[in-house]
Amino acid sequence: MKKNKDDSKKIESLVSKTAFQIPPSGIRKFFDIVYSMPDCISLGVGEPDFTTPWRISDSGIFALKEGYTHYTSNKGLLELRELICTYLAKKYRVAYDPETQVIVTLGVSQGLDVALRSIINPGDEVIIFQPCYVSYSANIMMLHGVPVIVPMRYEDKFKINPDLLKKAITPKTKAILLNYPSNPTGSTISSETLKIIAALAMKHNLIVISDEIYSALSYDSPHHSISAIDGMKGRTILLNGFSKSHAMTGWRLGYIAGPEFLIGMMLKIHQYTALCAPSMSQYAAIEALKKGDREVEMMVEEYRKRRNFITSRFNEIGLPCLKPEGAFYVFPDISSTGLDSNEFAIQLIENNKVAVVPGIAFGLAGEHHIRCSYATSMQNIRESLDRIEAFVKSL
Ligand SMILES: Cc1ncc(COP(=O)(O)O)c(C=O)c1O
């Protein structure tokens with residue numbers, strides 16, 4: 001017994017400082033509780049409740065049956081890269097060359113990792129806007145980069161404040177990491193602000209990493225990519241994928257589009273660490289881009305209905321809630337309850353069996369908010385909001 005203990009101590013001493021220091025995601029803890037409580041309703045999950053449209057899954061199955069189970073080109077299947085370029089050109093008016101400017105990745109997660117690895121030297125600063133997706137800080141820190149946090153405030157509708165951004169730029173700044181529409185707030189970035197960010201990036205010679213994974217889920221106005229602004233294509237690493245738009249989280253498929261030189265650097269990292277994205281998923285994605293538009297529209301329509309309902313219901317309950325412009329999250333303000341976001345989430349799940357994610361999980365600027373995903377059925381949303389109302393009244 002003692003020997004086992006000594007051994008595990010010795011092994012612990014072998015772990016890298018970085019692995020040790022990175023905090024676990026604040027989201028996972030809540031999922032663990034949800035799984036142990038069968039009658040709990042979860043508004044915590046950040047993935048579509050829809051299953052992948054059948055025609056897309058069927059193409060993946062067909063690929064398996066036909067034996068398309070081998071490595072593909074490191075960059076991904078050419079047909080898929082061509083379709084990705086057509087999609088980007090048609091939807092967001094950004095022109096990329098499928099041969100030299102696109103890599104198919106294992107979700108946006110791997111695209112982000114490859115993008116950061118291709119530009120960060122130890123000590124380099126990357127500006128992120130909080131509240132933001134939980135992986136950003138951790139990904140930067142794993143590469144010995146420094147995440148520089150610019151807060152966004154409820155009073156500003158969780159929009160980027162360009163003055164705060166200007167102040168955050170230093171000689172060590174390498175990149176600005178954007179996410180629009182945003183996880184967790186659902187807020188997006190206006191064309192005017194994108195232009196200001198673009199001008200700053202050009203003035204200070206910065207890369208923009210543009211995580212546009214929720215672009216297809218834009219409810220009020222069309223999505224604009226920063227890459228479409230004059231002069232920006234050469235310094236933008238555009239990340240997008242199929243997880244949210246086509247309900248394909250489990251297929252692990254995304255892509256990077258960028259200037260040829262950076263794509264060349266990223267391709268080396270991708271080659272050595274992933275080889276290629278899963279081949280059957282690539283065949284499924286070809287179908288998604290060829291014939292999946294109708295299904296995406298139907299999902300967006302359903303999310304829009306849920307968004308309208310959940311936003312007005314939170315406001316009715318007395319928890320002020322902005323109407324998100326995209327993605328499938330609301331981020332209501334819970335400060336009137338006197339609880340911090342962790343206390344709120346824990347007491348809500350224990351007393352009224354609804355799981356939400358405490359806003360603090362997305363950075364300090366997320367405190368006094370909770371993230372609720374409306375990627376669940378209308379019935380679940382109605383019932384969970386009744387439970388939240390009862391919880392708030394009981395305080
Ligand atoms: C903003 C953001 N970026 C990236 C990802 C990762 O997506 P993928 O499934 O494509 O790896 C997520 C997933 O929730 C996300 O919310």
# chains A, B, ... in the order shown; residues from 1 in each chain; ligands from 1

call {"tool": "residues_near_ligand", "arguments": {"ligand": "ligand 1", "cutoff": "10 Å", "atoms": "only C-alpha atoms and all ligand atoms", "output": "ChimeraX atom specification"}}
result
/A:45-48,105-112,132-136,178-184,210-214,239-245,247-255,327-329

call {"tool": "residues_around", "arguments": {"residues": "range 290-305 of chain A", "least_positions_apart": "5", "cutoff": "12 Å", "atoms": "only C-alpha atoms", "output": "MDAnalysis selection string"}}
result
chainID A and resid 48:57 59 79:80 82:84 86:87 91 186 214:220 242:248 283:285 310:312 323:330 373:378 381

call {"tool": "select_by_dssp", "arguments": {"residues": "range 66-278 of chain A", "states": "alpha helix (DSSP H)", "output": "PDB file with N, CA and C atoms, in the first residue's frame"}}
result
ATOM      1  N   LEU A  78     -10.181  17.084 -51.212  1.00  0.00           N
ATOM      2  CA  LEU A  78     -10.233  18.280 -52.053  1.00  0.00           C
ATOM      3  C   LEU A  78     -11.687  18.699 -52.309  1.00  0.00           C
ATOM      4  N   GLU A  79     -12.555  17.710 -52.549  1.00  0.00           N
ATOM      5  CA  GLU A  79     -13.963  18.065 -52.827  1.00  0.00           C
ATOM      6  C   GLU A  79     -14.568  18.844 -51.647  1.00  0.00           C
ATOM      7  N   LEU A  80     -14.226  18.421 -50.447  1.00  0.00           N
ATOM      8  CA  LEU A  80     -14.753  19.115 -49.270  1.00  0.00           C
ATOM      9  C   LEU A  80     -14.160  20.524 -49.179  1.00  0.00           C
ATOM     10  N   ARG A  81     -12.864  20.645 -49.426  1.00  0.00           N
ATOM     11  CA  ARG A  81     -12.244  21.978 -49.369  1.00  0.00           C
ATOM     12  C   ARG A  81     -12.865  22.900 -50.421  1.00  0.00           C
ATOM     13  N   GLU A  82     -13.163  22.338 -51.575  1.00  0.00           N
ATOM     14  CA  GLU A  82     -13.799  23.166 -52.622  1.00  0.00           C
ATOM     15  C   GLU A  82     -15.176  23.653 -52.158  1.00  0.00           C
ATOM     16  N   LEU A  83     -15.919  22.725 -51.548  1.00  0.00           N
ATOM     17  CA  LEU A  83     -17.267  23.104 -51.091  1.00  0.00           C
ATOM     18  C   LEU A  83     -17.190  24.136 -49.966  1.00  0.00           C
ATOM     19  N   ILE A  84     -16.201  23.983 -49.093  1.00  0.00           N
ATOM     20  CA  ILE A  84     -16.018  24.948 -47.997  1.00  0.00           C
ATOM     21  C   ILE A  84     -15.760  26.338 -48.595  1.00  0.00           C
ATOM     22  N   CYS A  85     -14.910  26.385 -49.616  1.00  0.00           N
ATOM     23  CA  CYS A  85     -14.589  27.683 -50.242  1.00  0.00           C
ATOM     24  C   CYS A  85     -15.822  28.283 -50.913  1.00  0.00           C
ATOM     25  N   THR A  86     -16.606  27.439 -51.573  1.00  0.00           N
ATOM     26  CA  THR A  86     -17.834  27.940 -52.204  1.00  0.00           C
ATOM     27  C   THR A  86     -18.779  28.496 -51.132  1.00  0.00           C
ATOM     28  N   TYR A  87     -18.895  27.761 -50.045  1.00  0.00           N
ATOM     29  CA  TYR A  87     -19.772  28.179 -48.938  1.00  0.00           C
ATOM     30  C   TYR A  87     -19.320  29.518 -48.363  1.00  0.00           C
ATOM     31  N   LEU A  88     -18.013  29.658 -48.099  1.00  0.00           N
ATOM     32  CA  LEU A  88     -17.495  30.903 -47.506  1.00  0.00           C
ATOM     33  C   LEU A  88     -17.685  32.081 -48.462  1.00  0.00           C
ATOM     34  N   ALA A  89     -17.492  31.798 -49.752  1.00  0.00           N
ATOM     35  CA  ALA A  89     -17.624  32.879 -50.738  1.00  0.00           C
ATOM     36  C   ALA A  89     -19.083  33.325 -50.843  1.00  0.00           C
ATOM     37  N   LYS A  90     -19.982  32.337 -50.870  1.00  0.00           N
ATOM     38  CA  LYS A  90     -21.396  32.637 -51.064  1.00  0.00           C
ATOM     39  C   LYS A  90     -21.990  33.314 -49.828  1.00  0.00           C
ATOM     40  N   LYS A  91     -21.674  32.772 -48.666  1.00  0.00           N
ATOM     41  CA  LYS A  91     -22.331  33.266 -47.455  1.00  0.00           C
ATOM     42  C   LYS A  91     -21.667  34.500 -46.878  1.00  0.00           C
ATOM     43  N   TYR A  92     -20.331  34.538 -46.914  1.00  0.00           N
ATOM     44  CA  TYR A  92     -19.644  35.619 -46.197  1.00  0.00           C
ATOM     45  C   TYR A  92     -18.749  36.464 -47.101  1.00  0.00           C
ATOM     46  N   GLY A 107     -12.686  19.435 -35.692  1.00  0.00           N
ATOM     47  CA  GLY A 107     -13.484  20.445 -35.006  1.00  0.00           C
ATOM     48  C   GLY A 107     -12.733  21.765 -34.961  1.00  0.00           C
ATOM     49  N   VAL A 108     -13.457  22.794 -34.518  1.00  0.00           N
ATOM     50  CA  VAL A 108     -12.815  24.103 -34.335  1.00  0.00           C
ATOM     51  C   VAL A 108     -11.797  23.999 -33.194  1.00  0.00           C
ATOM     52  N   SER A 109     -12.040  23.078 -32.260  1.00  0.00           N
ATOM     53  CA  SER A 109     -11.100  22.903 -31.137  1.00  0.00           C
ATOM     54  C   SER A 109      -9.684  22.692 -31.642  1.00  0.00           C
ATOM     55  N   GLN A 110      -9.530  21.769 -32.577  1.00  0.00           N
ATOM     56  CA  GLN A 110      -8.170  21.512 -33.071  1.00  0.00           C
ATOM     57  C   GLN A 110      -7.692  22.647 -33.973  1.00  0.00           C
ATOM     58  N   GLY A 111      -8.629  23.249 -34.712  1.00  0.00           N
ATOM     59  CA  GLY A 111      -8.263  24.392 -35.550  1.00  0.00           C
ATOM     60  C   GLY A 111      -7.678  25.516 -34.694  1.00  0.00           C
ATOM     61  N   LEU A 112      -8.307  25.754 -33.547  1.00  0.00           N
ATOM     62  CA  LEU A 112      -7.847  26.802 -32.645  1.00  0.00           C
ATOM     63  C   LEU A 112      -6.451  26.469 -32.112  1.00  0.00           C
ATOM     64  N   ASP A 113      -6.281  25.223 -31.718  1.00  0.00           N
ATOM     65  CA  ASP A 113      -4.986  24.793 -31.177  1.00  0.00           C
ATOM     66  C   ASP A 113      -3.881  24.980 -32.218  1.00  0.00           C
ATOM     67  N   VAL A 114      -4.141  24.535 -33.441  1.00  0.00           N
ATOM     68  CA  VAL A 114      -3.159  24.651 -34.519  1.00  0.00           C
ATOM     69  C   VAL A 114      -2.863  26.126 -34.812  1.00  0.00           C
ATOM     70  N   ALA A 115      -3.918  26.946 -34.832  1.00  0.00           N
ATOM     71  CA  ALA A 115      -3.738  28.373 -35.110  1.00  0.00           C
ATOM     72  C   ALA A 115      -2.842  29.005 -34.051  1.00  0.00           C
ATOM     73  N   LEU A 116      -3.150  28.743 -32.779  1.00  0.00           N
ATOM     74  CA  LEU A 116      -2.350  29.335 -31.705  1.00  0.00           C
ATOM     75  C   LEU A 116      -0.912  28.823 -31.738  1.00  0.00           C
ATOM     76  N   ARG A 117      -0.757  27.531 -31.977  1.00  0.00           N
ATOM     77  CA  ARG A 117       0.596  26.965 -32.013  1.00  0.00           C
ATOM     78  C   ARG A 117       1.443  27.573 -33.117  1.00  0.00           C
ATOM     79  N   SER A 118       0.771  27.990 -34.198  1.00  0.00           N
ATOM     80  CA  SER A 118       1.542  28.501 -35.327  1.00  0.00           C
ATOM     81  C   SER A 118       2.033  29.929 -35.093  1.00  0.00           C
ATOM     82  N   ILE A 119       1.515  30.593 -34.059  1.00  0.00           N
ATOM     83  CA  ILE A 119       1.949  31.998 -33.892  1.00  0.00           C
ATOM     84  C   ILE A 119       2.563  32.312 -32.522  1.00  0.00           C
ATOM     85  N   SER A 135     -12.247  27.434 -23.350  1.00  0.00           N
ATOM     86  CA  SER A 135     -10.958  26.893 -23.783  1.00  0.00           C
ATOM     87  C   SER A 135      -9.906  27.957 -24.105  1.00  0.00           C
ATOM     88  N   TYR A 136     -10.344  29.180 -24.366  1.00  0.00           N
ATOM     89  CA  TYR A 136      -9.386  30.154 -24.913  1.00  0.00           C
ATOM     90  C   TYR A 136      -8.168  30.374 -24.012  1.00  0.00           C
ATOM     91  N   SER A 137      -8.409  30.723 -22.741  1.00  0.00           N
ATOM     92  CA  SER A 137      -7.278  30.989 -21.835  1.00  0.00           C
ATOM     93  C   SER A 137      -6.385  29.769 -21.733  1.00  0.00           C
ATOM     94  N   ALA A 138      -7.007  28.624 -21.502  1.00  0.00           N
ATOM     95  CA  ALA A 138      -6.247  27.386 -21.300  1.00  0.00           C
ATOM     96  C   ALA A 138      -5.390  27.069 -22.521  1.00  0.00           C
ATOM     97  N   ASN A 139      -5.976  27.219 -23.707  1.00  0.00           N
ATOM     98  CA  ASN A 139      -5.225  26.917 -24.937  1.00  0.00           C
ATOM     99  C   ASN A 139      -3.997  27.819 -25.073  1.00  0.00           C
ATOM    100  N   ILE A 140      -4.169  29.083 -24.741  1.00  0.00           N
ATOM    101  CA  ILE A 140      -3.049  30.040 -24.852  1.00  0.00           C
ATOM    102  C   ILE A 140      -1.988  29.691 -23.802  1.00  0.00           C
ATOM    103  N   MET A 141      -2.456  29.390 -22.588  1.00  0.00           N
ATOM    104  CA  MET A 141      -1.505  29.085 -21.507  1.00  0.00           C
ATOM    105  C   MET A 141      -0.723  27.801 -21.768  1.00  0.00           C
ATOM    106  N   MET A 142      -1.351  26.839 -22.408  1.00  0.00           N
ATOM    107  CA  MET A 142      -0.659  25.572 -22.701  1.00  0.00           C
ATOM    108  C   MET A 142       0.557  25.813 -23.596  1.00  0.00           C
ATOM    109  N   PRO A 162     -14.028  49.227 -28.031  1.00  0.00           N
ATOM    110  CA  PRO A 162     -12.763  49.425 -28.762  1.00  0.00           C
ATOM    111  C   PRO A 162     -11.709  50.181 -27.959  1.00  0.00           C
ATOM    112  N   ASP A 163     -12.156  51.087 -27.042  1.00  0.00           N
ATOM    113  CA  ASP A 163     -11.161  51.816 -26.237  1.00  0.00           C
ATOM    114  C   ASP A 163     -10.409  50.869 -25.313  1.00  0.00           C
ATOM    115  N   LEU A 164     -11.131  49.921 -24.734  1.00  0.00           N
ATOM    116  CA  LEU A 164     -10.469  48.944 -23.855  1.00  0.00           C
ATOM    117  C   LEU A 164      -9.525  48.061 -24.671  1.00  0.00           C
ATOM    118  N   LEU A 165      -9.947  47.745 -25.887  1.00  0.00           N
ATOM    119  CA  LEU A 165      -9.082  46.935 -26.756  1.00  0.00           C
ATOM    120  C   LEU A 165      -7.785  47.692 -27.058  1.00  0.00           C
ATOM    121  N   LYS A 166      -7.914  48.974 -27.414  1.00  0.00           N
ATOM    122  CA  LYS A 166      -6.723  49.787 -27.733  1.00  0.00           C
ATOM    123  C   LYS A 166      -5.749  49.763 -26.568  1.00  0.00           C
ATOM    124  N   LYS A 167      -6.288  49.918 -25.349  1.00  0.00           N
ATOM    125  CA  LYS A 167      -5.419  49.971 -24.159  1.00  0.00           C
ATOM    126  C   LYS A 167      -4.718  48.639 -23.909  1.00  0.00           C
ATOM    127  N   ALA A 168      -5.330  47.555 -24.358  1.00  0.00           N
ATOM    128  CA  ALA A 168      -4.766  46.220 -24.062  1.00  0.00           C
ATOM    129  C   ALA A 168      -3.613  45.849 -24.997  1.00  0.00           C
ATOM    130  N   SER A 191     -20.501  45.402 -37.914  1.00  0.00           N
ATOM    131  CA  SER A 191     -19.542  45.671 -38.989  1.00  0.00           C
ATOM    132  C   SER A 191     -18.637  46.842 -38.614  1.00  0.00           C
ATOM    133  N   GLU A 192     -19.227  47.853 -37.937  1.00  0.00           N
ATOM    134  CA  GLU A 192     -18.438  49.048 -37.567  1.00  0.00           C
ATOM    135  C   GLU A 192     -17.313  48.646 -36.616  1.00  0.00           C
ATOM    136  N   THR A 193     -17.646  47.838 -35.613  1.00  0.00           N
ATOM    137  CA  THR A 193     -16.613  47.429 -34.645  1.00  0.00           C
ATOM    138  C   THR A 193     -15.590  46.518 -35.320  1.00  0.00           C
ATOM    139  N   LEU A 194     -16.054  45.649 -36.218  1.00  0.00           N
ATOM    140  CA  LEU A 194     -15.095  44.788 -36.936  1.00  0.00           C
ATOM    141  C   LEU A 194     -14.082  45.648 -37.684  1.00  0.00           C
ATOM    142  N   LYS A 195     -14.579  46.767 -38.256  1.00  0.00           N
ATOM    143  CA  LYS A 195     -13.668  47.665 -39.001  1.00  0.00           C
ATOM    144  C   LYS A 195     -12.643  48.296 -38.058  1.00  0.00           C
ATOM    145  N   ILE A 196     -13.088  48.679 -36.875  1.00  0.00           N
ATOM    146  CA  ILE A 196     -12.148  49.286 -35.902  1.00  0.00           C
ATOM    147  C   ILE A 196     -11.096  48.243 -35.495  1.00  0.00           C
ATOM    148  N   ILE A 197     -11.548  47.020 -35.238  1.00  0.00           N
ATOM    149  CA  ILE A 197     -10.606  45.960 -34.837  1.00  0.00           C
ATOM    150  C   ILE A 197      -9.627  45.701 -35.981  1.00  0.00           C
ATOM    151  N   ALA A 198     -10.155  45.674 -37.195  1.00  0.00           N
ATOM    152  CA  ALA A 198      -9.299  45.426 -38.364  1.00  0.00           C
ATOM    153  C   ALA A 198      -8.237  46.521 -38.483  1.00  0.00           C
ATOM    154  N   ALA A 199      -8.653  47.775 -38.302  1.00  0.00           N
ATOM    155  CA  ALA A 199      -7.693  48.891 -38.412  1.00  0.00           C
ATOM    156  C   ALA A 199      -6.607  48.752 -37.354  1.00  0.00           C
ATOM    157  N   LEU A 200      -6.991  48.348 -36.143  1.00  0.00           N
ATOM    158  CA  LEU A 200      -5.989  48.188 -35.070  1.00  0.00           C
ATOM    159  C   LEU A 200      -5.036  47.036 -35.403  1.00  0.00           C
ATOM    160  N   ALA A 201      -5.604  45.952 -35.938  1.00  0.00           N
ATOM    161  CA  ALA A 201      -4.758  44.792 -36.290  1.00  0.00           C
ATOM    162  C   ALA A 201      -3.735  45.179 -37.350  1.00  0.00           C
ATOM    163  N   MET A 202      -4.185  45.989 -38.316  1.00  0.00           N
ATOM    164  CA  MET A 202      -3.261  46.388 -39.396  1.00  0.00           C
ATOM    165  C   MET A 202      -2.222  47.367 -38.844  1.00  0.00           C
ATOM    166  N   LYS A 203      -2.665  48.312 -38.027  1.00  0.00           N
ATOM    167  CA  LYS A 203      -1.748  49.313 -37.492  1.00  0.00           C
ATOM    168  C   LYS A 203      -0.644  48.656 -36.645  1.00  0.00           C
ATOM    169  N   GLU A 260      -2.004  31.815 -47.475  1.00  0.00           N
ATOM    170  CA  GLU A 260      -1.212  30.633 -47.826  1.00  0.00           C
ATOM    171  C   GLU A 260      -0.027  30.398 -46.890  1.00  0.00           C
ATOM    172  N   PHE A 261       0.694  31.465 -46.542  1.00  0.00           N
ATOM    173  CA  PHE A 261       1.890  31.288 -45.715  1.00  0.00           C
ATOM    174  C   PHE A 261       1.520  30.694 -44.347  1.00  0.00           C
ATOM    175  N   LEU A 262       0.494  31.280 -43.701  1.00  0.00           N
ATOM    176  CA  LEU A 262       0.087  30.775 -42.386  1.00  0.00           C
ATOM    177  C   LEU A 262      -0.484  29.372 -42.489  1.00  0.00           C
ATOM    178  N   ILE A 263      -1.241  29.112 -43.548  1.00  0.00           N
ATOM    179  CA  ILE A 263      -1.805  27.766 -43.733  1.00  0.00           C
ATOM    180  C   ILE A 263      -0.658  26.762 -43.855  1.00  0.00           C
ATOM    181  N   GLY A 264       0.404  27.155 -44.541  1.00  0.00           N
ATOM    182  CA  GLY A 264       1.571  26.273 -44.671  1.00  0.00           C
ATOM    183  C   GLY A 264       2.163  25.928 -43.310  1.00  0.00           C
ATOM    184  N   MET A 265       2.283  26.927 -42.445  1.00  0.00           N
ATOM    185  CA  MET A 265       2.814  26.699 -41.089  1.00  0.00           C
ATOM    186  C   MET A 265       1.874  25.779 -40.305  1.00  0.00           C
ATOM    187  N   MET A 266       0.583  26.081 -40.415  1.00  0.00           N
ATOM    188  CA  MET A 266      -0.397  25.302 -39.647  1.00  0.00           C
ATOM    189  C   MET A 266      -0.480  23.865 -40.157  1.00  0.00           C
ATOM    190  N   LEU A 267      -0.292  23.711 -41.465  1.00  0.00           N
ATOM    191  CA  LEU A 267      -0.383  22.363 -42.026  1.00  0.00           C
ATOM    192  C   LEU A 267       0.721  21.466 -41.457  1.00  0.00           C
ATOM    193  N   LYS A 268       1.917  22.034 -41.218  1.00  0.00           N
ATOM    194  CA  LYS A 268       2.985  21.223 -40.630  1.00  0.00           C
ATOM    195  C   LYS A 268       2.555  20.714 -39.255  1.00  0.00           C
ATOM    196  N   ILE A 269       1.977  21.606 -38.458  1.00  0.00           N
ATOM    197  CA  ILE A 269       1.559  21.219 -37.098  1.00  0.00           C
ATOM    198  C   ILE A 269       0.439  20.182 -37.173  1.00  0.00           C
ATOM    199  N   HIS A 270      -0.492  20.425 -38.071  1.00  0.00           N
ATOM    200  CA  HIS A 270      -1.633  19.509 -38.257  1.00  0.00           C
ATOM    201  C   HIS A 270      -1.144  18.117 -38.699  1.00  0.00           C
ATOM    202  N   GLN A 271      -0.184  18.116 -39.646  1.00  0.00           N
ATOM    203  CA  GLN A 271       0.367  16.842 -40.149  1.00  0.00           C
ATOM    204  C   GLN A 271       0.965  16.004 -39.021  1.00  0.00           C
ATOM    205  N   TYR A 272       1.755  16.674 -38.186  1.00  0.00           N
ATOM    206  CA  TYR A 272       2.476  15.930 -37.153  1.00  0.00           C
ATOM    207  C   TYR A 272       1.606  15.544 -35.972  1.00  0.00           C
ATOM    208  N   THR A 273       0.511  16.285 -35.750  1.00  0.00           N
ATOM    209  CA  THR A 273      -0.269  16.007 -34.538  1.00  0.00           C
ATOM    210  C   THR A 273      -1.598  15.307 -34.810  1.00  0.00           C
TER     211      THR A 273
END

call {"tool": "atom_distance", "arguments": {"atom1": "CA of Asn351 in chain A", "atom2": "CA of Arg382 in chain A"}}
result
17.6 Å

call {"tool": "select_by_dssp", "arguments": {"residues": "range 237-306 of chain A", "states": "strand (DSSP E or B)", "output": "PyMOL selection string"}}
result
chain A and resi 237-241+254-257

call {"tool": "decode", "arguments": {"residues": "range 335-387 of chain A", "atoms": "C-alpha atoms", "output": "PDB file, in the first residue's frame"}}
result
ATOM      1  CA  SER A 335     -27.429  39.878  -9.300  1.00  0.00           C
ATOM      2  CA  SER A 336     -30.893  40.746  -7.904  1.00  0.00           C
ATOM      3  CA  THR A 337     -30.951  37.347  -6.161  1.00  0.00           C
ATOM      4  CA  GLY A 338     -27.966  38.244  -3.982  1.00  0.00           C
ATOM      5  CA  LEU A 339     -26.276  34.968  -4.925  1.00  0.00           C
ATOM      6  CA  ASP A 340     -23.057  34.661  -6.882  1.00  0.00           C
ATOM      7  CA  SER A 341     -23.233  32.592 -10.037  1.00  0.00           C
ATOM      8  CA  ASN A 342     -21.784  29.453  -8.429  1.00  0.00           C
ATOM      9  CA  GLU A 343     -24.159  29.605  -5.468  1.00  0.00           C
ATOM     10  CA  PHE A 344     -27.090  30.220  -7.816  1.00  0.00           C
ATOM     11  CA  ALA A 345     -26.229  27.246 -10.024  1.00  0.00           C
ATOM     12  CA  ILE A 346     -25.592  24.871  -7.121  1.00  0.00           C
ATOM     13  CA  GLN A 347     -28.741  25.823  -5.184  1.00  0.00           C
ATOM     14  CA  LEU A 348     -30.862  25.718  -8.347  1.00  0.00           C
ATOM     15  CA  ILE A 349     -29.743  22.233  -9.233  1.00  0.00           C
ATOM     16  CA  GLU A 350     -30.069  20.935  -5.667  1.00  0.00           C
ATOM     17  CA  ASN A 351     -33.444  22.502  -4.878  1.00  0.00           C
ATOM     18  CA  ASN A 352     -35.244  22.732  -8.214  1.00  0.00           C
ATOM     19  CA  LYS A 353     -33.299  20.347 -10.448  1.00  0.00           C
ATOM     20  CA  VAL A 354     -32.290  22.612 -13.291  1.00  0.00           C
ATOM     21  CA  ALA A 355     -28.694  22.681 -14.475  1.00  0.00           C
ATOM     22  CA  VAL A 356     -27.226  25.957 -15.747  1.00  0.00           C
ATOM     23  CA  VAL A 357     -23.610  27.041 -16.023  1.00  0.00           C
ATOM     24  CA  PRO A 358     -22.339  29.707 -13.609  1.00  0.00           C
ATOM     25  CA  GLY A 359     -21.178  32.778 -15.545  1.00  0.00           C
ATOM     26  CA  ILE A 360     -17.877  32.823 -13.683  1.00  0.00           C
ATOM     27  CA  ALA A 361     -16.870  29.723 -15.682  1.00  0.00           C
ATOM     28  CA  PHE A 362     -16.447  32.093 -18.655  1.00  0.00           C
ATOM     29  CA  GLY A 363     -14.212  34.536 -16.786  1.00  0.00           C
ATOM     30  CA  LEU A 364     -14.609  37.161 -14.082  1.00  0.00           C
ATOM     31  CA  ALA A 365     -16.703  39.363 -16.371  1.00  0.00           C
ATOM     32  CA  GLY A 366     -19.288  36.574 -16.416  1.00  0.00           C
ATOM     33  CA  GLU A 367     -19.930  36.731 -12.661  1.00  0.00           C
ATOM     34  CA  HIS A 368     -23.536  37.546 -11.654  1.00  0.00           C
ATOM     35  CA  HIS A 369     -24.791  35.790 -14.772  1.00  0.00           C
ATOM     36  CA  ILE A 370     -25.714  32.237 -15.684  1.00  0.00           C
ATOM     37  CA  ARG A 371     -25.453  30.632 -19.095  1.00  0.00           C
ATOM     38  CA  CYS A 372     -28.558  28.781 -20.230  1.00  0.00           C
ATOM     39  CA  SER A 373     -28.532  26.883 -23.474  1.00  0.00           C
ATOM     40  CA  TYR A 374     -31.774  26.726 -25.440  1.00  0.00           C
ATOM     41  CA  ALA A 375     -30.521  23.804 -27.472  1.00  0.00           C
ATOM     42  CA  THR A 376     -33.160  21.675 -25.797  1.00  0.00           C
ATOM     43  CA  SER A 377     -36.852  21.058 -26.423  1.00  0.00           C
ATOM     44  CA  MET A 378     -39.456  23.788 -25.942  1.00  0.00           C
ATOM     45  CA  GLN A 379     -41.086  21.541 -23.355  1.00  0.00           C
ATOM     46  CA  ASN A 380     -37.842  21.386 -21.348  1.00  0.00           C
ATOM     47  CA  ILE A 381     -37.385  25.135 -21.682  1.00  0.00           C
ATOM     48  CA  ARG A 382     -40.915  25.855 -20.417  1.00  0.00           C
ATOM     49  CA  GLU A 383     -40.626  23.454 -17.480  1.00  0.00           C
ATOM     50  CA  SER A 384     -37.124  24.605 -16.496  1.00  0.00           C
ATOM     51  CA  LEU A 385     -38.152  28.261 -16.578  1.00  0.00           C
ATOM     52  CA  ASP A 386     -41.126  27.472 -14.300  1.00  0.00           C
ATOM     53  CA  ARG A 387     -38.686  25.797 -11.951  1.00  0.00           C
TER      54      ARG A 387
END
